[in-house]
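Source file: my_file37.txt. Holds: compact mmCIF, C-alpha atoms.
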# COMPACT_ATOMS: atom_id res chain seq x y z
CA MET A 543 -22.61 -7.63 -1.20
CA ALA A 544 -21.76 -9.39 2.04
CA ILE A 545 -18.21 -10.60 2.39
CA ASP A 546 -18.66 -12.94 5.33
CA ARG A 547 -19.72 -16.01 3.37
CA ALA A 548 -17.25 -18.87 3.07
CA ILE A 549 -16.45 -20.02 -0.47
CA ASP A 550 -14.61 -22.81 -2.23
CA PRO A 551 -10.91 -21.96 -2.69
CA PHE A 552 -10.94 -22.81 -6.41
CA VAL A 553 -12.22 -20.33 -8.97
CA PRO A 554 -14.96 -21.78 -11.21
CA TRP A 555 -13.08 -21.01 -14.42
CA GLY A 556 -9.91 -22.76 -13.29
CA VAL A 557 -10.69 -26.15 -11.77
CA ALA A 558 -9.07 -29.23 -13.26
CA ALA A 559 -9.47 -32.93 -12.53
CA PRO A 560 -5.95 -34.34 -12.08
CA GLU A 561 -5.28 -37.06 -14.62
CA ALA A 562 -1.96 -38.29 -13.24
CA GLU A 563 -0.32 -39.19 -9.96
CA GLY A 564 1.86 -36.71 -8.12
CA PRO A 565 1.68 -33.68 -5.85
CA ARG A 566 -1.35 -31.55 -6.69
CA LEU A 567 -0.62 -27.91 -7.54
CA ALA A 568 -3.04 -25.06 -6.74
CA VAL A 569 -2.25 -21.82 -8.57
CA LYS A 570 -3.22 -18.35 -7.37
CA ASP A 571 -5.27 -16.54 -9.98
CA VAL A 572 -2.61 -13.94 -10.69
CA PHE A 573 -0.60 -16.46 -12.73
CA ASP A 574 -1.32 -17.39 -16.31
CA VAL A 575 -2.24 -21.02 -16.87
CA GLU A 576 -2.50 -22.11 -20.48
CA GLY A 577 -6.11 -22.28 -21.64
CA LEU A 578 -7.56 -20.40 -18.65
CA PRO A 579 -8.29 -16.70 -18.10
CA THR A 580 -6.54 -14.74 -15.36
CA GLY A 581 -8.69 -12.52 -13.14
CA ALA A 582 -6.38 -11.36 -10.33
CA GLY A 583 -9.31 -11.36 -7.94
CA HIS A 584 -11.47 -8.89 -9.88
CA PRO A 585 -14.16 -9.74 -12.47
CA GLY A 586 -13.22 -6.64 -14.45
CA ARG A 587 -9.77 -8.10 -15.10
CA LEU A 588 -10.93 -11.39 -16.61
CA GLY A 589 -9.72 -11.65 -20.17
CA GLU A 590 -9.05 -14.21 -22.86
CA PRO A 591 -7.53 -17.60 -21.94
CA ALA A 592 -3.77 -17.48 -21.55
CA GLU A 593 -1.68 -18.82 -24.43
CA ARG A 594 1.02 -20.27 -22.16
CA ASP A 595 1.85 -20.93 -18.53
CA ALA A 596 3.58 -18.34 -16.42
CA GLU A 597 7.23 -19.30 -15.91
CA ALA A 598 6.70 -20.17 -12.23
CA VAL A 599 3.71 -22.34 -13.15
CA ALA A 600 5.66 -24.11 -15.91
CA ARG A 601 8.51 -24.97 -13.54
CA LEU A 602 6.16 -26.42 -10.95
CA ARG A 603 3.90 -28.26 -13.41
CA ALA A 604 6.97 -30.14 -14.61
CA MET A 605 7.02 -31.93 -11.23
CA SER A 606 3.37 -31.84 -10.13
CA VAL A 607 -0.23 -32.19 -11.31
CA PHE A 608 -2.29 -29.04 -11.85
CA ALA A 609 -5.34 -29.08 -9.56
CA GLY A 610 -6.85 -25.68 -10.34
CA LYS A 611 -6.62 -21.92 -10.01
CA THR A 612 -7.48 -20.37 -6.66
CA HIS A 613 -9.10 -17.26 -5.30
CA THR A 614 -7.09 -14.20 -4.37
CA ASP A 615 -7.88 -10.89 -2.73
CA GLU A 616 -8.58 -8.06 -5.18
CA LEU A 617 -5.49 -7.52 -7.36
CA ALA A 618 -3.55 -9.19 -4.51
CA TRP A 619 -3.52 -5.89 -2.58
CA SER A 620 -4.71 -7.18 0.78
CA LEU A 621 -3.62 -9.32 3.70
CA GLY A 622 -7.14 -9.98 4.94
CA GLY A 623 -8.29 -12.98 2.92
CA ILE A 624 -11.58 -11.45 1.80
CA ASN A 625 -12.78 -10.26 -1.59
CA GLN A 626 -15.60 -7.79 -2.27
CA HIS A 627 -16.71 -9.75 -5.35
CA TYR A 628 -16.11 -13.37 -4.44
CA GLY A 629 -16.40 -13.54 -0.66
CA ALA A 630 -14.05 -15.06 1.92
CA VAL A 631 -12.39 -18.47 1.93
CA GLU A 632 -12.84 -20.17 5.30
CA ASN A 633 -9.72 -21.36 7.10
CA PRO A 634 -9.64 -25.19 7.31
CA ALA A 635 -7.21 -25.01 10.24
CA ALA A 636 -9.34 -22.50 12.17
CA PRO A 637 -13.01 -22.77 11.08
CA GLY A 638 -14.81 -19.45 11.14
CA HIS A 639 -11.57 -17.53 10.64
CA VAL A 640 -10.04 -16.03 7.49
CA CYS A 641 -7.17 -17.67 5.65
CA GLY A 642 -5.30 -14.42 5.24
CA GLY A 643 -4.50 -12.82 1.93
CA SER A 644 -3.80 -12.35 -0.73
CA SER A 645 -2.89 -15.99 -1.40
CA SER A 646 -6.02 -17.03 0.46
CA GLY A 647 -7.32 -19.62 -1.99
CA SER A 648 -4.00 -21.41 -2.39
CA ALA A 649 -3.60 -21.56 1.40
CA ALA A 650 -7.12 -22.91 1.88
CA ALA A 651 -6.69 -25.53 -0.83
CA VAL A 652 -3.48 -26.84 0.76
CA ALA A 653 -4.69 -26.61 4.36
CA GLY A 654 -7.91 -28.40 3.41
CA GLY A 655 -6.12 -31.24 1.63
CA LEU A 656 -7.41 -30.28 -1.83
CA ALA A 657 -3.86 -29.62 -3.05
CA ASP A 658 -0.35 -30.40 -1.86
CA ILE A 659 1.53 -27.36 -3.18
CA GLY A 660 0.06 -23.88 -3.28
CA LEU A 661 1.60 -21.30 -5.61
CA GLY A 662 0.99 -17.77 -4.40
CA THR A 663 2.69 -14.41 -4.44
CA ASP A 664 4.26 -12.46 -1.62
CA THR A 665 4.61 -8.70 -1.97
CA ALA A 666 4.14 -7.71 1.66
CA GLY A 667 3.40 -11.01 3.36
CA SER A 668 0.77 -12.62 1.17
CA VAL A 669 2.32 -16.07 1.48
CA ARG A 670 3.71 -15.75 5.01
CA VAL A 671 0.50 -14.47 6.61
CA PRO A 672 -1.76 -17.22 5.17
CA ALA A 673 0.89 -19.77 6.13
CA SER A 674 0.73 -18.57 9.72
CA TYR A 675 -3.06 -18.39 9.84
CA CYS A 676 -3.55 -21.83 8.25
CA GLY A 677 -0.80 -23.80 9.99
CA LEU A 678 1.27 -24.26 6.81
CA TYR A 679 4.87 -24.01 5.73
CA GLY A 680 5.32 -20.95 3.54
CA PHE A 681 8.25 -19.68 1.51
CA ARG A 682 9.10 -16.31 0.03
CA PRO A 683 12.24 -16.61 -2.17
CA THR A 684 15.04 -14.14 -2.74
CA HIS A 685 13.49 -11.53 -5.01
CA SER A 686 15.81 -12.08 -7.96
CA ARG A 687 15.63 -15.88 -8.07
CA VAL A 688 12.17 -16.49 -9.58
CA PRO A 689 10.98 -14.96 -12.88
CA GLN A 690 7.72 -13.00 -12.80
CA THR A 691 6.89 -13.71 -16.44
CA GLY A 692 3.16 -14.35 -16.89
CA MET A 693 2.23 -12.98 -13.47
CA VAL A 694 -0.11 -10.02 -12.90
CA PRO A 695 2.06 -7.45 -11.10
CA LEU A 696 1.21 -5.56 -7.95
CA ALA A 697 4.47 -3.78 -7.07
CA PRO A 698 7.23 -5.40 -9.15
CA SER A 699 10.11 -4.27 -6.94
CA TYR A 700 8.58 -6.29 -4.11
CA ASP A 701 6.51 -9.02 -5.84
CA VAL A 702 7.79 -12.58 -5.83
CA PRO A 703 6.13 -15.98 -6.38
CA GLY A 704 5.94 -18.04 -3.19
CA LEU A 705 4.89 -21.50 -2.04
CA LEU A 706 2.72 -23.17 0.60
CA THR A 707 2.74 -26.82 1.73
CA ARG A 708 1.71 -28.95 4.69
CA ASP A 709 5.16 -30.50 5.15
CA LEU A 710 8.73 -29.23 4.98
CA PRO A 711 10.37 -31.82 2.67
CA LEU A 712 7.79 -31.20 -0.06
CA LEU A 713 8.27 -27.46 0.27
CA GLU A 714 12.05 -27.80 -0.06
CA TRP A 715 11.57 -29.98 -3.15
CA ALA A 716 9.22 -27.46 -4.75
CA VAL A 717 11.45 -24.50 -3.88
CA ASP A 718 14.39 -26.24 -5.51
CA ALA A 719 12.32 -26.63 -8.69
CA LEU A 720 11.18 -23.00 -8.63
CA LEU A 721 14.44 -21.15 -7.98
CA ASP A 722 17.09 -20.01 -10.42
CA PRO A 723 20.50 -21.30 -9.27
CA ALA A 724 22.64 -18.82 -7.34
CA PRO A 725 25.60 -18.92 -4.95
CA GLU A 726 24.55 -19.16 -1.30
CA PRO A 727 25.94 -16.73 1.30
CA LYS A 728 27.62 -18.01 4.43
CA THR A 729 25.55 -20.17 6.78
CA PRO A 730 23.92 -18.10 9.56
CA GLU A 731 25.81 -18.27 12.84
CA ARG A 732 23.36 -16.39 15.06
CA VAL A 733 19.65 -15.67 15.26
CA TRP A 734 18.69 -12.01 15.20
CA VAL A 735 15.64 -11.31 17.38
CA PRO A 736 15.08 -7.53 17.07
CA ALA A 737 14.14 -6.33 20.55
CA ASP A 738 12.17 -3.31 19.34
CA LEU A 739 9.96 -5.29 16.95
CA TRP A 740 9.25 -8.05 19.46
CA SER A 741 8.44 -5.52 22.20
CA GLU A 742 5.50 -4.21 20.16
CA LEU A 743 3.84 -7.63 20.10
CA SER A 744 1.55 -9.26 22.62
CA PRO A 745 3.65 -11.01 25.28
CA ARG A 746 1.54 -14.11 24.64
CA VAL A 747 2.79 -14.22 21.04
CA GLY A 748 6.39 -13.90 22.18
CA ALA A 749 5.98 -16.61 24.80
CA ALA A 750 4.32 -18.95 22.31
CA LEU A 751 7.14 -18.61 19.76
CA ALA A 752 10.14 -18.48 22.12
CA PRO A 753 10.62 -22.28 22.37
CA ALA A 754 10.92 -22.58 18.57
CA ILE A 755 13.59 -19.87 18.50
CA ARG A 756 15.56 -21.66 21.19
CA ARG A 757 15.38 -24.90 19.19
CA LEU A 758 17.39 -23.23 16.42
CA GLY A 759 20.38 -23.73 18.69
CA LEU A 760 22.10 -20.47 17.68
CA PRO A 761 23.32 -17.57 19.82
CA ILE A 762 20.62 -14.91 20.11
CA ASP A 763 21.33 -11.34 19.03
CA ARG A 764 18.73 -8.87 20.35
CA THR A 765 20.02 -5.79 18.49
CA SER A 766 17.12 -3.46 17.70
CA PHE A 767 16.31 -2.73 14.09
CA GLY A 768 15.81 0.90 15.04
CA LEU A 769 13.73 2.05 12.09
CA ASP A 770 9.99 2.21 11.40
CA VAL A 771 9.78 1.99 7.66
CA THR A 772 6.19 0.74 7.42
CA ASP A 773 4.69 3.89 5.93
CA ALA A 774 7.63 4.46 3.59
CA PHE A 775 7.21 0.92 2.30
CA ALA A 776 3.46 1.45 1.85
CA VAL A 777 4.09 4.63 -0.15
CA THR A 778 6.64 3.05 -2.49
CA GLN A 779 4.41 0.02 -2.91
CA ALA A 780 1.38 2.18 -3.68
CA ALA A 781 3.34 4.19 -6.25
CA GLU A 782 4.24 0.99 -8.08
CA VAL A 783 0.69 -0.34 -7.84
CA TRP A 784 -0.60 2.86 -9.40
CA GLU A 785 1.99 2.66 -12.16
CA CYS A 786 0.82 -0.88 -12.95
CA HIS A 787 -2.95 -0.40 -12.62
CA GLY A 788 -3.68 3.33 -12.50
CA ASP A 789 -4.66 3.68 -16.16
CA TRP A 790 -7.20 0.85 -15.80
CA VAL A 791 -8.59 2.29 -12.56
CA ARG A 792 -8.96 5.78 -14.07
CA ALA A 793 -10.60 4.43 -17.21
CA GLU A 794 -12.96 1.88 -15.64
CA ARG A 795 -13.45 3.13 -12.05
CA PRO A 796 -13.96 -0.49 -10.93
CA GLU A 797 -15.62 -1.39 -7.64
CA PHE A 798 -13.30 -2.43 -4.83
CA GLY A 799 -13.82 -3.48 -1.25
CA PRO A 800 -13.28 -0.72 1.33
CA GLY A 801 -9.65 -1.48 2.18
CA VAL A 802 -8.46 -1.92 -1.40
CA ALA A 803 -10.45 1.13 -2.51
CA ALA A 804 -8.82 3.29 0.17
CA ARG A 805 -5.37 2.14 -0.89
CA PHE A 806 -6.06 2.99 -4.53
CA GLU A 807 -7.37 6.40 -3.53
CA ARG A 808 -4.18 7.09 -1.60
CA ALA A 809 -2.04 5.83 -4.48
CA GLU A 810 -3.77 8.18 -6.92
CA ARG A 811 -3.03 11.21 -4.67
CA LEU A 812 0.65 10.51 -4.03
CA THR A 813 3.05 13.28 -4.97
CA SER A 814 6.52 12.80 -6.42
CA GLU A 815 7.97 14.38 -3.27
CA GLU A 816 6.24 11.81 -1.05
CA VAL A 817 7.46 8.94 -3.20
CA SER A 818 11.02 10.27 -3.36
CA LEU A 819 11.26 10.66 0.43
CA ALA A 820 9.76 7.21 0.99
CA ALA A 821 12.20 5.64 -1.47
CA LYS A 822 15.10 7.25 0.40
CA ASN A 823 13.84 5.81 3.70
CA VAL A 824 13.37 2.38 2.16
CA ALA A 825 16.92 2.43 0.78
CA GLU A 826 18.25 3.31 4.23
CA ALA A 827 16.28 0.45 5.77
CA ARG A 828 17.58 -1.98 3.18
CA LEU A 829 21.20 -1.14 4.00
CA ARG A 830 20.46 -1.57 7.71
CA LEU A 831 18.81 -4.95 7.12
CA LEU A 832 21.62 -6.27 4.95
CA GLU A 833 24.15 -5.22 7.57
CA LEU A 834 22.30 -7.00 10.38
CA LEU A 835 21.56 -10.10 8.30
CA ASP A 836 25.24 -10.66 7.55
CA GLY A 837 25.93 -14.01 9.20
CA ALA A 838 22.50 -14.05 10.85
CA VAL A 839 18.97 -15.29 10.40
CA MET A 840 16.21 -13.01 11.64
CA ALA A 841 13.31 -14.51 13.61
CA LEU A 842 9.94 -12.76 13.65
CA PRO A 843 6.32 -13.85 13.92
CA SER A 844 4.85 -14.50 10.48
CA ALA A 845 1.87 -12.43 11.63
CA PRO A 846 1.33 -10.41 14.83
CA GLY A 847 -1.49 -12.69 15.96
CA VAL A 848 -3.82 -15.48 14.90
CA ALA A 849 -6.35 -15.34 12.06
CA PRO A 850 -9.23 -12.88 12.54
CA VAL A 851 -12.81 -14.12 12.55
CA ILE A 852 -14.62 -13.93 9.20
CA GLY A 853 -16.87 -10.88 9.08
CA ARG A 854 -15.33 -9.19 12.11
CA PRO A 855 -13.36 -5.99 11.41
CA SER A 856 -9.62 -6.42 11.89
CA ARG A 857 -7.11 -3.66 12.60
CA MET A 858 -4.04 -5.84 12.18
CA ARG A 859 -2.83 -4.53 8.80
CA ALA A 860 -0.39 -1.90 10.09
CA ALA A 861 1.06 -4.21 12.73
CA THR A 862 1.39 -6.96 10.14
CA LEU A 863 3.16 -4.73 7.63
CA ARG A 864 5.60 -3.62 10.32
CA LEU A 865 6.83 -7.23 10.36
CA THR A 866 6.30 -8.35 6.78
CA CYS A 867 7.65 -5.34 4.86
CA LEU A 868 11.25 -6.06 5.87
CA ALA A 869 11.74 -9.05 3.55
CA PRO A 870 10.58 -7.25 0.38
CA ILE A 871 12.69 -4.22 1.31
CA ALA A 872 15.78 -6.44 1.63
CA GLY A 873 14.79 -8.70 -1.29
CA ALA A 874 15.42 -11.54 1.16
CA PRO A 875 14.13 -15.11 1.48
CA VAL A 876 11.79 -16.07 4.33
CA LEU A 877 10.61 -19.46 5.55
CA SER A 878 7.45 -19.49 7.65
CA LEU A 879 7.12 -22.43 10.04
CA PRO A 880 3.89 -23.65 11.71
CA VAL A 881 5.36 -24.01 15.19
CA THR A 882 2.52 -23.54 17.69
CA LEU A 883 -1.11 -22.77 18.49
CA LEU A 884 -2.50 -19.75 20.30
CA ASP A 885 -6.15 -19.72 21.36
CA SER A 886 -6.52 -22.99 19.38
CA CYS A 887 -5.43 -21.25 16.16
CA PRO A 888 -2.14 -21.68 14.27
CA LEU A 889 0.71 -19.19 14.74
CA GLY A 890 3.85 -19.21 12.59
CA LEU A 891 7.47 -18.19 13.02
CA SER A 892 9.36 -16.63 10.10
CA LEU A 893 13.09 -17.06 9.52
CA MET A 894 14.71 -14.54 7.15
CA ALA A 895 18.18 -14.97 5.67
CA ALA A 896 20.36 -12.64 3.64
CA PRO A 897 19.48 -12.51 -0.10
CA GLY A 898 20.54 -15.74 -1.77
CA GLY A 899 20.37 -17.76 1.44
CA ASP A 900 17.17 -19.56 0.48
CA MET A 901 18.22 -23.16 0.99
CA SER A 902 20.13 -22.45 4.21
CA LEU A 903 16.76 -21.77 5.85
CA PHE A 904 15.69 -25.36 5.34
CA ALA A 905 18.76 -26.70 7.10
CA LEU A 906 18.03 -24.43 10.07
CA ALA A 907 14.34 -25.34 10.13
CA SER A 908 14.91 -29.08 10.28
CA GLY A 909 15.47 -28.92 14.03
CA VAL A 910 12.60 -26.57 14.90

Is it possible to give me this structure as structure tokens?
Amino acid sequence: MAIDRAIDPFVPWGVAAPEAEGPRLAVKDVFDVEGLPTGAGHPGRLGEPAERDAEAVARLRAMSVFAGKTHTDELAWSLGGINQHYGAVENPAAPGHVCGGSSSGSAAAVAGGLADIGLGTDTAGSVRVPASYCGLYGFRPTHSRVPQTGMVPLAPSYDVPGLLTRDLPLLEWAVDALLDPAPEPKTPERVWVPADLWSELSPRVGAALAPAIRRLGLPIDRTSFGLDVTDAFAVTQAAEVWECHGDWVRAERPEFGPGVAARFERAERLTSEEVSLAAKNVAEARLRLLELLDGAVMALPSAPGVAPVIGRPSRMRAATLRLTCLAPIAGAPVLSLPVTLLDSCPLGLSLMAAPGGDMSLFALASGV
């Protein structure tokens, strides 16, 4: 089937008419919502209606009105915002462009004014990338601060529920409702702008985001990260994906779009030696990140460029993962800010704090 048709962000089996006043909540279809099935972006995964809300959904429904369940990329294993079975959700902030995945439907619903809070997941950027593409605020929490109960897993060591909104105060309010309490680390005293990661980006992206970094008002540290852990992350992620879904894939041989299919094929062929070496490299990168985040907030683009055009092949995945894999490796919180436009399309800046520093990011962002 063609995948270049634009679709409604809400899945047909999960739309609700709000019966009360309050912020409207759109829920990515990897979370259980009582009385509705969960499909995780694939018709072969649709089952019986859930008996109870996922924990993240329950926490947010206590302070909002459920508006419906939203589309996601297949099993949430994509950053593209397209789905082989259900099509592509058009970007309300950049018509003709993708929303980004895998929280594509939640991003589209919020950007289009159909919801006020979008609940998604972020394993390798699936909240931050749609936030950047759609001109939204996006938040990935510290890994340990939000339960994953009632959520279809992708790679549990990296998965975390995340949020999307059109304004910062609402996002802060929703994040406060979602998070488990935890002590906050010290307030960042400098902004870490890794020279090696920024040098790989288009100079136009750097120039567009530089004013927002200066508005943070912190001394700038340009220490290079010094490691390329993208492939090691992808290997460890794939190993976990296969552990979660391999039995189903082997038994059913479901149809996937080309990108997701290729990733499952690679996951099935991974050897224990490959996974062990990748895990060692990821552990090394985590220690390096935690060292450099001590007393600092890292600033990176939320995506290496603006949203690709629907139906046009994009080769941005590797460059995107180079930026987005660092937060899941560190288990760290990230706040994506809609700070500028490039070629008339939104472009976001991500601020990453040390694990536990979730709320400190909002204080920093207030002046950006």

Compile a residue-level contact table for segment 651-707 of chain A against segment 870-873 of chain A at a cut-off of 8 Å, reporting for every qualifying residue the shortest atom pair and its distance in Å to one decimal, with all atoms listed in the file counted, rows ordered by chain and ascending number, as CSV.
residue,atom,partner,partner_atom,distance
A:Thr665,CA,A:Pro870,CA,6.6
A:Ala666,CA,A:Pro870,CA,6.6
A:Thr684,CA,A:Gly873,CA,5.6
A:His685,CA,A:Gly873,CA,4.9
A:Ser686,CA,A:Gly873,CA,7.5
A:Ser699,CA,A:Pro870,CA,7.9
A:Tyr700,CA,A:Pro870,CA,5.0
A:Asp701,CA,A:Pro870,CA,7.6

Write the residues you've just listed into a file as a JSON list (two decimals), in the coordinates of the input, and include C-alpha atoms for each of them.
[["chain", "number", "residue", "atom", "x", "y", "z"],
["A", 665, "THR", "CA", 4.61, -8.70, -1.97],
["A", 666, "ALA", "CA", 4.14, -7.71, 1.66],
["A", 684, "THR", "CA", 15.04, -14.14, -2.74],
["A", 685, "HIS", "CA", 13.49, -11.53, -5.01],
["A", 686, "SER", "CA", 15.81, -12.08, -7.96],
["A", 699, "SER", "CA", 10.11, -4.27, -6.94],
["A", 700, "TYR", "CA", 8.58, -6.29, -4.11],
["A", 701, "ASP", "CA", 6.51, -9.02, -5.84]]

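Checking A:Leu889, A:Val733, A:Val553, A:Val569 one by one against Leu903 of chain A, counting only C-alpha atoms, you find the shortest gap at A:Val733.
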
Neighbour list for Ala618 of chain A as a PDB file with C-alpha atoms, in the frame of the given file, cut-off 12 Å, only C-alpha atoms, skip fewer than 4 positions in-chain:
ATOM      1  CA  LYS A 570      -3.220 -18.350  -7.370  1.00  0.00           C
ATOM      2  CA  ASP A 571      -5.270 -16.540  -9.980  1.00  0.00           C
ATOM      3  CA  VAL A 572      -2.610 -13.940 -10.690  1.00  0.00           C
ATOM      4  CA  PHE A 573      -0.600 -16.460 -12.730  1.00  0.00           C
ATOM      5  CA  GLY A 581      -8.690 -12.520 -13.140  1.00  0.00           C
ATOM      6  CA  ALA A 582      -6.380 -11.360 -10.330  1.00  0.00           C
ATOM      7  CA  GLY A 583      -9.310 -11.360  -7.940  1.00  0.00           C
ATOM      8  CA  HIS A 584     -11.470  -8.890  -9.880  1.00  0.00           C
ATOM      9  CA  HIS A 613      -9.100 -17.260  -5.300  1.00  0.00           C
ATOM     10  CA  THR A 614      -7.090 -14.200  -4.370  1.00  0.00           C
ATOM     11  CA  GLY A 622      -7.140  -9.980   4.940  1.00  0.00           C
ATOM     12  CA  GLY A 623      -8.290 -12.980   2.920  1.00  0.00           C
ATOM     13  CA  ILE A 624     -11.580 -11.450   1.800  1.00  0.00           C
ATOM     14  CA  ASN A 625     -12.780 -10.260  -1.590  1.00  0.00           C
ATOM     15  CA  GLY A 642      -5.300 -14.420   5.240  1.00  0.00           C
ATOM     16  CA  GLY A 643      -4.500 -12.820   1.930  1.00  0.00           C
ATOM     17  CA  SER A 644      -3.800 -12.350  -0.730  1.00  0.00           C
ATOM     18  CA  SER A 645      -2.890 -15.990  -1.400  1.00  0.00           C
ATOM     19  CA  SER A 646      -6.020 -17.030   0.460  1.00  0.00           C
ATOM     20  CA  GLY A 647      -7.320 -19.620  -1.990  1.00  0.00           C
ATOM     21  CA  GLY A 662       0.990 -17.770  -4.400  1.00  0.00           C
ATOM     22  CA  THR A 663       2.690 -14.410  -4.440  1.00  0.00           C
ATOM     23  CA  ASP A 664       4.260 -12.460  -1.620  1.00  0.00           C
ATOM     24  CA  THR A 665       4.610  -8.700  -1.970  1.00  0.00           C
ATOM     25  CA  ALA A 666       4.140  -7.710   1.660  1.00  0.00           C
ATOM     26  CA  GLY A 667       3.400 -11.010   3.360  1.00  0.00           C
ATOM     27  CA  SER A 668       0.770 -12.620   1.170  1.00  0.00           C
ATOM     28  CA  VAL A 669       2.320 -16.070   1.480  1.00  0.00           C
ATOM     29  CA  MET A 693       2.230 -12.980 -13.470  1.00  0.00           C
ATOM     30  CA  VAL A 694      -0.110 -10.020 -12.900  1.00  0.00           C
ATOM     31  CA  PRO A 695       2.060  -7.450 -11.100  1.00  0.00           C
ATOM     32  CA  LEU A 696       1.210  -5.560  -7.950  1.00  0.00           C
ATOM     33  CA  ALA A 697       4.470  -3.780  -7.070  1.00  0.00           C
ATOM     34  CA  ASP A 701       6.510  -9.020  -5.840  1.00  0.00           C
ATOM     35  CA  VAL A 702       7.790 -12.580  -5.830  1.00  0.00           C
ATOM     36  CA  PRO A 703       6.130 -15.980  -6.380  1.00  0.00           C
ATOM     37  CA  VAL A 783       0.690  -0.340  -7.840  1.00  0.00           C
ATOM     38  CA  HIS A 787      -2.950  -0.400 -12.620  1.00  0.00           C
ATOM     39  CA  PHE A 798     -13.300  -2.430  -4.830  1.00  0.00           C
ATOM     40  CA  GLY A 801      -9.650  -1.480   2.180  1.00  0.00           C
ATOM     41  CA  VAL A 802      -8.460  -1.920  -1.400  1.00  0.00           C
TER      42      VAL A 802
END

Return the single residue from A:Ala598, A:Leu842, A:Ala860, A:Ala724 that is closest to Ser741 of chain A, with distances computed using all atoms listed in the file.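 Ranking A:Ala598, A:Leu842, A:Ala860, A:Ala724 by distance to Ser741 of chain A, first place goes to A:Leu842.
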
Hey, which of A:Gly660, A:Pro745, A:Gly899, A:Pro634 ends up closest to Leu713 of chain A? Count only C-alpha atoms.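 Answer, going by the shortest atom-to-atom distance: A:Gly660.
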
Could you complete segment 567-578 of chain A so that it carries N, CA and C atoms, and give it back as a JSON list (two decimals), in the frame of the given file?
[["chain", "number", "residue", "atom", "x", "y", "z"],
["A", 567, "LEU", "N", -1.03, -29.31, -7.55],
["A", 567, "LEU", "CA", -0.62, -27.91, -7.54],
["A", 567, "LEU", "C", -1.82, -26.99, -7.68],
["A", 568, "ALA", "N", -2.02, -26.10, -6.68],
["A", 568, "ALA", "CA", -3.04, -25.06, -6.74],
["A", 568, "ALA", "C", -2.36, -23.74, -7.07],
["A", 569, "VAL", "N", -2.91, -23.01, -8.03],
["A", 569, "VAL", "CA", -2.25, -21.82, -8.57],
["A", 569, "VAL", "C", -3.10, -20.57, -8.33],
["A", 570, "LYS", "N", -2.56, -19.62, -7.63],
["A", 570, "LYS", "CA", -3.22, -18.35, -7.37],
["A", 570, "LYS", "C", -3.59, -17.66, -8.68],
["A", 571, "ASP", "N", -4.78, -17.10, -8.73],
["A", 571, "ASP", "CA", -5.27, -16.54, -9.98],
["A", 571, "ASP", "C", -4.68, -15.16, -10.29],
["A", 572, "VAL", "N", -3.37, -15.05, -10.12],
["A", 572, "VAL", "CA", -2.61, -13.94, -10.69],
["A", 572, "VAL", "C", -1.60, -14.47, -11.70],
["A", 573, "PHE", "N", -1.52, -15.81, -11.80],
["A", 573, "PHE", "CA", -0.60, -16.46, -12.73],
["A", 573, "PHE", "C", -1.35, -16.96, -13.95],
["A", 574, "ASP", "N", -0.75, -16.82, -15.11],
["A", 574, "ASP", "CA", -1.32, -17.39, -16.31],
["A", 574, "ASP", "C", -1.17, -18.90, -16.29],
["A", 575, "VAL", "N", -2.25, -19.58, -16.64],
["A", 575, "VAL", "CA", -2.24, -21.02, -16.87],
["A", 575, "VAL", "C", -2.81, -21.23, -18.27],
["A", 576, "GLU", "N", -2.09, -21.93, -19.09],
["A", 576, "GLU", "CA", -2.50, -22.11, -20.48],
["A", 576, "GLU", "C", -3.94, -22.60, -20.58],
["A", 577, "GLY", "N", -4.73, -21.89, -21.39],
["A", 577, "GLY", "CA", -6.11, -22.28, -21.64],
["A", 577, "GLY", "C", -7.13, -21.71, -20.67],
["A", 578, "LEU", "N", -6.65, -20.98, -19.64],
["A", 578, "LEU", "CA", -7.56, -20.40, -18.65],
["A", 578, "LEU", "C", -7.37, -18.89, -18.57]]
